[in-house]
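Inspection log for the structure reproduced underneath, given as structure tokens.
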Amino acid sequence: MCGIVGLVGRFEHKETLLAQSCDRIAHRGPDSHGFWEEADSGVAFGHVRLAIQDLSEQGHQPMASADQRFMLVFNGEIYNHPQLRQALEQDGYAHAWRGHSDTETILAGLMIWGVQETLKRMVGMFAIAVWDRQTRNLVLARDRFGEKPLYYGYTPDGLMFASELKALMPLPGFDAHLNRDAIALFLRHNYIPAPYSVFTKVRKLLPGTWVSLSADQIETGAWPEPVSYWSALEVARSQPRAQFARDDDAVDGLDRVLRQAIRGQLLSDVPLGAFLSGGIDSSLIASLTREEAAGTLKTFSIGFTEPEYNEAEYAAEVARHLGTDHTELYVSAQDSLDLIPSLPQMYDEPFADSSQIPTALVMRMARQQVTVALSGDAGDELFGGYSRYQRVQQWWGKRERVPAGLQGPLRAGARVAASLLSGPRAEKFGKLEQVLGAENMVAFYRQFVSYWQDPASVLKGATEPDSAFSQAPLDSLLDTMMAIDTVSYLPDDILVKVDRAAMAVSLETRVPLLDHRVYEFAWSLDEKYKLRGGDSKWILKQLLYRHVPQQMLDRPKKGFSVPMGQWLRGPLRQWGEQLLALPRLEAQNLLDAQRVREVWMQHQSGQVDNSARLWGILMLQAWLDEYGIKP
């Protein structure tokens, strides 16, 4: 796992500039730094390395292909690269291998197969930059689900790219003009979805795509359209349904494809472990990893001193049953609060999923013993696990029972009731108004998962751009929600949260459920294998029950959450007051100061919990302060 940076253009003193950029992301690669420059083309690459495979100098980057045509910097892991080497040799690769790094394998693939075919054949997580000396093109590519980040953009001197936004900010000519349209999406979702970034002159490459930029295009500041080599949304729309004679046959199929993914992700020359929360997904990954890995598996969980948020005791019970070498860390509210000032530096765009706090704490603990850790993320998106999926289906079902002629009057009545009531009753009438007013199931789901229903009401001078919620619905509401979450919430919230928290302590995380073959298998399943009798993630549970007793797992999930509502009325109140002070907000001229203060004071009154909406505003304000940005 690594960090990459690069410049193409008229930048002066590129080595000095990239050294500064690399210093800002040194946490992504503390083992070594690399630099390469080709003066006549104006191209320079920088690299910081966390050595996972081939710890020798043979894995050092930037790395040139055997024929010297391609120069590459790469962040990630290619789990099937030993198999790719065999295929390359069969297809005519005649050069001697210098080492056993996956970087060298990618370069050989580019020589034999070209960009598109190499990307299609790779199984892994990655962000890649390649300079083609023959065509004088820069190619940027990102893995299928967006596990690894890649930002790119322009200054007056040329093109820049990096693993993290903070690596680009010190470059001369960097334009820190805020993208208010992207901030509108942030207020809606508490994250900024790709391809947008918080700055107007910087974009994020979409998952499953690559883009080729010629020297002429870079000179003119062009934004060529990325090319898709794999699409999660297309798989969701077109994957043929599999037929199984028995339910056990489907469970067996999942077992095979998931074990295949885990075996590939065990490839490592450094210590490896797994996260274990005691829930379905992490328990299943830990169970199969324990069987596939050689030796004792180290597992890690985090506990909370507040009983209503603690699941560590369940994780410990599963660990004892599996026989793992288990470590748990109990954290207090103060441990969490002490972490908050470092969040804007860790997440170098505004980011406001409050579970980032326990995530960062568990990463810090795991890094003390291992360099690689497997996680159970993505089970909810692939197998219908989020509790909101069933709530949305219930609300949408109510709408479909209302005659079209009554929807307008009922919506108006619900709006009035929501304005007159407070608490849970007001929220229910608010949801009723939303579902009656939505033009289709996608529009309703967007409203259901939005923190601010109308970001324009609080953010000045913004027009909300298209996003994953601009897609047409799939055949069913459940499929629609899972597909949208896979291309938006998963890469731009869940995977961002995990990547930044892990890399902040130089820990590599791997997600077996995001092997694209597992994803394609999941979308070949009929919905009954995901949701059955009100029971979500049905097939995952059936596979897990083969390894862990059902009674050990059948309990309501508490979630990886913190009592943010209480904290904002207690120990974080003074911090929040400073960030949301009326003179500050009015001077910024970014947000509707009176509206923000109203929401803040409503929360302080205790009548309503506005913590989720306020956390986004607070993280935005803290981010502005961290990087000295004046709206």
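To be explicit about the labels: the chains of the structure tokens are called A, B, and onward in the order shown, and within each one the residues are counted from 1, while ligands get numbers from 1 in the order they are shown.
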(message) What's around segment 94-107 of chain A at 8 Å? Count only C-alpha atoms, leave out sequence neighbours fewer than 3 positions away in its own chain, and write the answer as a PyMOL selection string.
(response) chain A and resi 53-54+58-59+63-66+70+72+74+77-78+81+84-85+89+110-111+118
(message) Can you tell me which residues surround Asp40 of chain A at a distance of at most 12 Å, considering only C-alpha atoms, apart from same-chain residues fewer than 2 positions away, and format the answer as a count of residues only?
(response) 11
(message) If DSSP is run on the backbone, what residues of segment 547-592 of chain A are alpha helix (DSSP H)? A reply as a VMD selection string would be ideal.
(response) chain A and resid 564 to 569 573 to 579 582 to 588
(message) Which residue is closest to Leu168 of chain A? Choose from A:Gln68, A:Gln20, A:Gly565, A:Ser282 and count only C-alpha atoms.
(response) A:Gln20
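The protein and nucleic acid residues lying at most 7 Å from segment 192-206 of chain A are Arg142, Leu150, Tyr151, Tyr152, Gly153, Tyr154, Asp175, Ala176, His177, Leu178, Asn179, Ala182, Ile183, Leu185, Phe186, Glu349, Ser488 and Asp492 of chain A, with only C-alpha atoms considered and sequence neighbours fewer than 5 positions away removed.
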(request) Find, counting only C-alpha atoms, the residue in A:Phe145, A:Phe244, A:Phe300, A:Tyr519 that gets nearest to His326 of chain A. (result) A:Phe300
(request) Within 7 Å of segment 245-262 of chain A, counting only C-alpha atoms, which residues show up once you throw out same-chain ones fewer than 5 positions away? Write them as a list in words, please. (result)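 Residues near the query, excluding close chain neighbours: Leu288, Thr289, Pro512, Asp515, Arg517, Val518, Ile539, Gln542 and Leu543 of chain A.
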(request) Tell me, as a ChimeraX atom specification, which residues lie within 10 Å of segment 497-506 of chain A, counting only C-alpha atoms; anything in the same chain fewer than 2 positions away does not count. (result) /A:1-3,25-31,49-50,147-149,164,191,343,345-348,351-368,371-373,375,377,490-495,508-510
Based on the selection just made, write N, CA and C atoms of those residues as a compact mmCIF listing (two decimals), in the first residue's frame.
```txt
# COMPACT_ATOMS: atom_id res chain seq x y z
N MET A 1 0.86 -1.18 0.00
CA MET A 1 0.00 0.00 0.00
C MET A 1 0.88 1.22 0.00
N CYS A 2 0.46 2.25 -0.71
CA CYS A 2 1.37 3.36 -0.96
C CYS A 2 0.58 4.65 -1.15
N GLY A 3 1.35 5.71 -1.45
CA GLY A 3 0.77 6.97 -1.87
C GLY A 3 1.48 7.42 -3.12
N ILE A 25 1.80 12.99 2.63
CA ILE A 25 1.13 11.68 2.63
C ILE A 25 2.11 10.57 3.03
N ALA A 26 3.13 10.93 3.81
CA ALA A 26 4.13 9.94 4.22
C ALA A 26 3.52 8.82 5.03
N HIS A 27 2.39 9.09 5.69
CA HIS A 27 1.71 8.04 6.47
C HIS A 27 1.25 6.89 5.58
N ARG A 28 1.02 7.16 4.30
CA ARG A 28 0.59 6.10 3.39
C ARG A 28 1.74 5.19 3.00
N GLY A 29 2.97 5.65 3.20
CA GLY A 29 4.12 4.85 2.79
C GLY A 29 5.36 5.23 3.57
N PRO A 30 5.50 4.75 4.80
CA PRO A 30 6.65 5.15 5.62
C PRO A 30 7.93 4.40 5.32
N ASP A 31 7.88 3.36 4.47
CA ASP A 31 9.06 2.51 4.30
C ASP A 31 10.10 3.07 3.34
N ARG A 49 6.11 4.42 -0.05
CA ARG A 49 5.82 2.99 -0.08
C ARG A 49 5.61 2.40 1.30
N LEU A 50 4.51 1.67 1.43
CA LEU A 50 4.30 0.75 2.54
C LEU A 50 4.50 -0.64 1.97
N GLU A 147 -11.77 1.48 -3.93
CA GLU A 147 -11.13 1.27 -2.62
C GLU A 147 -9.95 2.23 -2.43
N LYS A 148 -9.24 2.50 -3.51
CA LYS A 148 -8.08 3.39 -3.42
C LYS A 148 -8.40 4.72 -4.09
N PRO A 149 -8.02 5.84 -3.47
CA PRO A 149 -8.41 7.17 -3.97
C PRO A 149 -7.45 7.67 -5.05
N GLU A 164 -4.10 11.68 -2.14
CA GLU A 164 -4.88 12.48 -1.20
C GLU A 164 -4.81 13.94 -1.62
N TYR A 191 -20.89 13.38 2.61
CA TYR A 191 -19.67 13.06 1.87
C TYR A 191 -19.79 13.70 0.49
N LEU A 343 -9.43 14.94 12.88
CA LEU A 343 -10.22 14.41 11.77
C LEU A 343 -10.09 15.22 10.47
N GLN A 345 -7.58 16.76 9.31
CA GLN A 345 -6.30 16.43 8.71
C GLN A 345 -6.31 15.01 8.14
N MET A 346 -7.00 14.10 8.82
CA MET A 346 -7.09 12.71 8.37
C MET A 346 -7.95 12.59 7.12
N TYR A 347 -9.08 13.28 7.11
CA TYR A 347 -10.01 13.26 5.97
C TYR A 347 -9.88 14.61 5.27
N ASP A 348 -9.07 14.68 4.22
CA ASP A 348 -8.67 15.99 3.72
C ASP A 348 -9.67 16.62 2.76
N PHE A 351 -15.80 15.58 5.45
CA PHE A 351 -16.32 14.21 5.56
C PHE A 351 -16.95 14.07 6.93
N ALA A 352 -18.17 13.53 6.99
CA ALA A 352 -18.92 13.63 8.24
C ALA A 352 -19.74 12.39 8.56
N ASP A 353 -19.13 11.21 8.40
CA ASP A 353 -19.72 9.99 8.93
C ASP A 353 -19.14 9.82 10.33
N SER A 354 -19.96 10.00 11.37
CA SER A 354 -19.41 10.03 12.73
C SER A 354 -18.79 8.71 13.16
N SER A 355 -19.08 7.61 12.43
CA SER A 355 -18.40 6.36 12.75
C SER A 355 -16.93 6.39 12.34
N GLN A 356 -16.49 7.50 11.72
CA GLN A 356 -15.07 7.69 11.45
C GLN A 356 -14.27 7.69 12.75
N ILE A 357 -14.90 8.06 13.85
CA ILE A 357 -14.19 8.14 15.14
C ILE A 357 -13.83 6.75 15.66
N PRO A 358 -14.78 5.84 15.87
CA PRO A 358 -14.38 4.49 16.29
C PRO A 358 -13.56 3.75 15.24
N THR A 359 -13.81 4.05 13.95
CA THR A 359 -13.01 3.42 12.90
C THR A 359 -11.54 3.79 13.06
N ALA A 360 -11.26 5.05 13.27
CA ALA A 360 -9.87 5.48 13.44
C ALA A 360 -9.24 4.85 14.68
N LEU A 361 -10.00 4.68 15.73
CA LEU A 361 -9.47 4.10 16.96
C LEU A 361 -9.13 2.62 16.79
N VAL A 362 -9.98 1.87 16.09
CA VAL A 362 -9.70 0.44 15.91
C VAL A 362 -8.54 0.24 14.94
N MET A 363 -8.38 1.14 13.97
CA MET A 363 -7.23 1.05 13.06
C MET A 363 -5.93 1.25 13.83
N ARG A 364 -5.94 2.23 14.71
CA ARG A 364 -4.75 2.53 15.50
C ARG A 364 -4.35 1.33 16.35
N MET A 365 -5.36 0.66 16.92
CA MET A 365 -5.08 -0.52 17.75
C MET A 365 -4.51 -1.66 16.93
N ALA A 366 -5.13 -1.95 15.78
CA ALA A 366 -4.70 -3.08 14.95
C ALA A 366 -3.27 -2.88 14.45
N ARG A 367 -2.91 -1.64 14.13
CA ARG A 367 -1.59 -1.38 13.55
C ARG A 367 -0.45 -1.72 14.51
N GLN A 368 -0.75 -1.80 15.79
CA GLN A 368 0.29 -2.15 16.75
C GLN A 368 0.76 -3.60 16.58
N THR A 371 0.20 -5.30 9.80
CA THR A 371 0.32 -4.29 8.76
C THR A 371 -0.82 -4.38 7.76
N VAL A 372 -1.51 -5.52 7.73
CA VAL A 372 -2.64 -5.75 6.83
C VAL A 372 -3.80 -6.31 7.64
N ALA A 373 -5.01 -5.82 7.39
CA ALA A 373 -6.19 -6.33 8.10
C ALA A 373 -7.36 -6.45 7.13
N SER A 375 -11.39 -6.77 6.32
CA SER A 375 -12.60 -6.19 6.89
C SER A 375 -13.85 -6.80 6.27
N ASP A 377 -16.56 -5.10 5.37
CA ASP A 377 -17.36 -4.07 4.69
C ASP A 377 -17.97 -4.60 3.40
N LEU A 490 -21.00 3.51 -0.78
CA LEU A 490 -19.89 2.59 -0.50
C LEU A 490 -18.54 3.22 -0.84
N PRO A 491 -18.30 3.69 -2.08
CA PRO A 491 -16.97 4.23 -2.38
C PRO A 491 -16.68 5.57 -1.73
N ASP A 492 -17.71 6.41 -1.58
CA ASP A 492 -17.46 7.79 -1.16
C ASP A 492 -17.67 8.03 0.32
N ASP A 493 -18.27 7.08 1.02
CA ASP A 493 -18.40 7.16 2.47
C ASP A 493 -17.62 6.01 3.12
N ILE A 494 -18.12 4.79 2.98
CA ILE A 494 -17.54 3.65 3.70
C ILE A 494 -16.06 3.46 3.37
N LEU A 495 -15.72 3.42 2.10
CA LEU A 495 -14.34 3.13 1.72
C LEU A 495 -13.42 4.31 1.98
N GLU A 508 -2.78 -1.30 6.00
CA GLU A 508 -3.50 -1.65 4.78
C GLU A 508 -4.74 -2.47 5.13
N THR A 509 -5.89 -2.08 4.60
CA THR A 509 -7.12 -2.85 4.78
C THR A 509 -7.52 -3.50 3.46
N ARG A 510 -8.12 -4.68 3.57
CA ARG A 510 -8.59 -5.42 2.40
C ARG A 510 -10.04 -5.84 2.63
```
(request) Please provide the set of residues having any atom within 12 Å of Gly437 of chain A, restricted to only C-alpha atoms, with same-chain residues fewer than 5 positions apart removed, written as a VMD selection string. (result) chain A and resid 396 399 404 406 to 412 414 to 415 430 to 432 443 to 445 447 to 448
(request) Could you jot down the atom CA of Gly570 of chain A to atom CA of Arg613 of chain A separation for me, Å, one decimal place? (result) 17.1 Å
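Distances from A:Gln243, A:Ser21, A:Ser277, A:Ser457 to Pro172 of chain A were compared using only C-alpha atoms, and the smallest one belongs to A:Ser21.
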(message) Let me make sure I understand: among A:Glu308, A:Asp592, A:Glu439, A:Asp281, which one has the smallest atom-to-atom distance to Leu513 of chain A if we use only C-alpha atoms?
(response)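 Ranked by minimum distance to Leu513 of chain A, first place goes to A:Asp281.
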For segment 381-434 of chain A versus segment 459-483 of chain A, which residues have an atom no more than 12 Å away, and what is each residue's nearest atom pair and distance in Å rounded to one decimal, using only C-alpha atoms, chain-then-number order, as JSON lines?
```
{"residue": "A:Glu381", "atom": "CA", "partner": "A:Met482", "partner_atom": "CA", "distance": 5.1}
{"residue": "A:Leu382", "atom": "CA", "partner": "A:Met482", "partner_atom": "CA", "distance": 6.6}
{"residue": "A:Phe383", "atom": "CA", "partner": "A:Met482", "partner_atom": "CA", "distance": 8.0}
{"residue": "A:Gly384", "atom": "CA", "partner": "A:Met482", "partner_atom": "CA", "distance": 6.6}
{"residue": "A:Gly385", "atom": "CA", "partner": "A:Met482", "partner_atom": "CA", "distance": 9.1}
{"residue": "A:Tyr386", "atom": "CA", "partner": "A:Met482", "partner_atom": "CA", "distance": 9.2}
{"residue": "A:Ser387", "atom": "CA", "partner": "A:Leu478", "partner_atom": "CA", "distance": 11.5}
{"residue": "A:Arg388", "atom": "CA", "partner": "A:Met481", "partner_atom": "CA", "distance": 9.6}
{"residue": "A:Tyr389", "atom": "CA", "partner": "A:Leu478", "partner_atom": "CA", "distance": 6.7}
{"residue": "A:Gln390", "atom": "CA", "partner": "A:Leu478", "partner_atom": "CA", "distance": 8.4}
{"residue": "A:Arg391", "atom": "CA", "partner": "A:Leu478", "partner_atom": "CA", "distance": 10.9}
{"residue": "A:Val392", "atom": "CA", "partner": "A:Leu477", "partner_atom": "CA", "distance": 8.6}
{"residue": "A:Gln393", "atom": "CA", "partner": "A:Leu477", "partner_atom": "CA", "distance": 7.0}
{"residue": "A:Gln394", "atom": "CA", "partner": "A:Leu477", "partner_atom": "CA", "distance": 10.7}
{"residue": "A:Trp395", "atom": "CA", "partner": "A:Leu477", "partner_atom": "CA", "distance": 11.3}
{"residue": "A:Trp396", "atom": "CA", "partner": "A:Leu477", "partner_atom": "CA", "distance": 8.7}
{"residue": "A:Gly397", "atom": "CA", "partner": "A:Leu477", "partner_atom": "CA", "distance": 10.1}
```
